[in-house]
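Enquirer: Just dropping this structure here.
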2 protein chains.
Amino acid sequence: MFGTIFMTLSEEDYIKAIYHLGKGDNTTVSTNGVAEQMETKPSSVTDMVKKLSEKGVVNYRPYKGVSLTEHGQKIALSLVRKHRLWEVFLVEKLNFSWDEVHEVAEQLEHIKSEKLIDQLDKHLGFPEVDPHGDPIPSKKGEFKKTIKKLLNEVAIGTSGICVGVKDSSPPFLKFLDKNKIALGDTILILEKEEFDGSFYIQVKDIKIHISNQIASNLYLKITA
Amino acid sequence: MFGTIFMTLSEEDYIKAIYHLGKGDNTTVSTNGVAEQMETKPSSVTDMVKKLSEKGVVNYRPYKGVSLTEHGQKIALSLVRKHRLWEVFLVEKLNFSWDEVHEVAEQLEHIKSEKLIDQLDKHLGFPEVDPHGDPIPSKKGEFKKTIKKLLNEVAIGTSGICVGVKDSSPPFLKFLDKNKIALGDTILILEKEEFDGSFYIQVKDIKIHISNQIASNLYLKITA
DNA sequence: ATTATTATTTAGATACGTCTAAATAATTGT
DNA sequence: ACAATTATTTAGACGTATCTAAATAATAAT
Ligand SMILES: [Mn+2]
Ligand SMILES: [Mn+2]
Ligand SMILES: [Mn+2]
Ligand SMILES: [Mn+2]
């Protein structure tokens with residue numbers, strides 16, 4: 001109607017943080033939560049959240065937390081879309097590894113140009129997931145949600161395809177590279193060590209032992 | 001040595017403006033000149049130029065103008081490199097036309113990632129000029145300078161290849177598109193109308209009449 | 001039900017980038 | 001050389017984004 005209201009880079013990052021903390025549905029999140037996620041101070045969050053409330057992108061009640069309005073959700077989804085498309089670009093076209101893309105995508109997601117992102121999408125062949133297995137919202141903000149379970153929550157003996165990571169920090173991703181675990185790999189759960197919650201798994205013919213922390217950050221799509 | 005000093009987006013745009021006004025060599029430019037180029041006020045320029053001087057990227061003497069230091073020139077060349085590589089990307093990979101790229105490149109040039117720009121360069125096949133015929137500095141800041149002359153400065157009867165535009169504003173570029181004049185085209189200068197300085201030229205078998213203003217914004221590489 | 005603890009907001013400060021209006025320096029014209 | 005004009009800087013203000021320290025509200029513990 002009147003073109004989207006202009007958001008600054010900071011405002012956009014706050015909107016994204018509120019979106020992610022709200023887990024995609026639209027849970028109310030706390031000031032301290034946002035502060036931690038953004039690595040800022042709670043007082044800064046209060047200031048920003050007031051401004052965002054003025055702009056109509058969040059619902060804010062002092063002491064009660066903050067959530068995105070419909071408009072805010074649209075902005076968040078657009079940012080997530082841009083972030084993930086850029087990540088795909090960096091990996092597919094520019095030879096970045098999956099642990100290097102986040103920081104750069106964090107900048108690229110703020111570039112303003114509708115044509116740019118539409119053409120990028122096309123250039124990449126309309127990918128459905130990013131390099132970490134996270135779904136890419138359509139232009140209209142629609143998701144394709146895959147049924148996936150954390151490795152530590154599936155029964156012994158089942159096997160599945162590794163389709164995503166919960167933690168996508170460089171240390172974790174580098175660990176997976178080192179242990180030759182990649183998205184698309186078939187993983188069979190062999191045994192669970194009850195003492196420490198660790199797992200014995202088989203990845204493409206190789207048997208390895210992973211801690212519970214690793215297991216609770218790998219998503220599988222169950223196949224058998 | 002200690003990684004390049006961080007420059008804000010605004011600082012970078014000022015450095016680029018000073019660079020362009022100084023015509024590549026390192027002429028001292030005026031406060032008002034920068035203000036006009038940047039579409040800001042002279043007082044804002046004074047403030048910024050003081051800050052840039054503190055940071056050691058410009059030489060500034062009150063009332064006497066401003067020029068880039070060696071360090072400043074390196075930053076400027078890096079920005080020009082990024083700007084032009086992104087322009088090539090937009091045209092070659094994302095189907096932008098040459099009159100649409102500047103605005104987006106103006107944003108993209110500020111993305112911080114050395115790997116990104118090196119890989120982009122590679123992805124594009126190490127192009128030597130941008131969509132407007134302007135040379136792309138190498139990583140070390142070296143130019144390939146082509147010998148080119150403005151159409152209105154060459155003798156009648158000579159012919160050359162159109163290798164660049166002086167003005168690269170959308171209206172001018174759209175005019176060229178409309179008249180089927182593109183980089184790479186061979187142009188023959190047929191006649192000059194002394195009264196208004198306009199020219200009759202032949203572009204790929206078609207004879208057209210262009211004003212002096214058009215002629216003085218087209219670069220040719222003389223072939224005969 | 002008080003008290004202690006934690007979460008959140010408010011008050012006041014700083015840095016950045018910009019502006020308008022006023023002051024001052026440099027340049028131009030006579 | 002002096003006056004008029006133009007260029008440039010300074011002073012003071014504002015909006016954004018952030019912080020620390022202090023005040024207040026909400027929650028947990030006794
Ligand atoms: Mn970001
Ligand atoms: Mn991702
Ligand atoms: Mn720019
Ligand atoms: Mn260009």
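Order determines the names: the first chain of the structure tokens is A, the second B, and so forth; residues in each chain are numbered 1 upward, and ligands are numbered 1 upward as they are shown.
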What residues in chain A have any atom no more than 8 Å from chain C when counting only C-alpha atoms (C1' of nucleotides), and can you write them as a ChimeraX atom specification?

Expert: /A:31-32,42-43,46,62-63

Enquirer: Give the residue list for ligand 3 at 9 Å, counting only C-alpha atoms (C1' of nucleotides) and all ligand atoms, as a PyMOL selection string, sorted by chain and then by residue number.

Expert: chain B and resi 9-10+12-14+16+79+83+103-110

Enquirer: Can you pull out every residue with an atom within 12 Å of ligand 2? Use only C-alpha atoms (C1' of nucleotides) and all ligand atoms and format it as number ranges by chain.

Expert: A: 79-91, 97-106, 109, 128-136, 164-170, 173

Enquirer: In terms of the shortest atom-to-atom distance over only C-alpha atoms (C1' of nucleotides), which of A:Glu36, A:Glu70, A:Glu193, A:Glu11 is closest to chain D?

Expert: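 Answer, going by the shortest atom-to-atom distance: A:Glu11.
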
Enquirer: For chain D against chain B, with a cut-off of 10 Å and counting only C-alpha atoms (C1' of nucleotides), what is the closest atom pair and its distance in Å to one decimal for every residue that makes the cut, ordered by chain and number, as a Markdown table?

Expert:
| residue | atom | partner | partner_atom | distance |
| --- | --- | --- | --- | --- |
| D:DA7 | C1' | B:Asn32 | CA | 7.5 |
| D:DT8 | C1' | B:Tyr63 | CA | 5.8 |
| D:DT9 | C1' | B:Ser43 | CA | 7.2 |
| D:DT10 | C1' | B:Ser43 | CA | 8.9 |

Enquirer: Quick check: residues of chain A within 8 Å of chain B, only C-alpha atoms, returned as a PyMOL selection string.

Expert: chain A and resi 90+93-95+104+107-108+111-113+116+119-120+123

Enquirer: Give me, as a ChimeraX atom specification, all polymer residues having an atom no more than 10 Å from B:Arg61, counting only C-alpha atoms (C1' of nucleotides) and skipping those fewer than 6 positions away in the same chain.

Expert: /B:49-50,53,67

Enquirer: Just the number, please: distance in Å from atom CA of B:Met38 to atom 1 (Mn, counted along the ligand's line) of ligand 4, one decimal.

Expert: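 Atom 1 (Mn, counted along the ligand's line) of ligand 4 lies 16.7 Å from atom CA of B:Met38.
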
Enquirer: If you run DSSP on the backbone, which residues of stretch 11-161 of chain A are strand (DSSP E), as number ranges by chain?

Expert: A: 58-61, 65-68, 149-150, 159-161
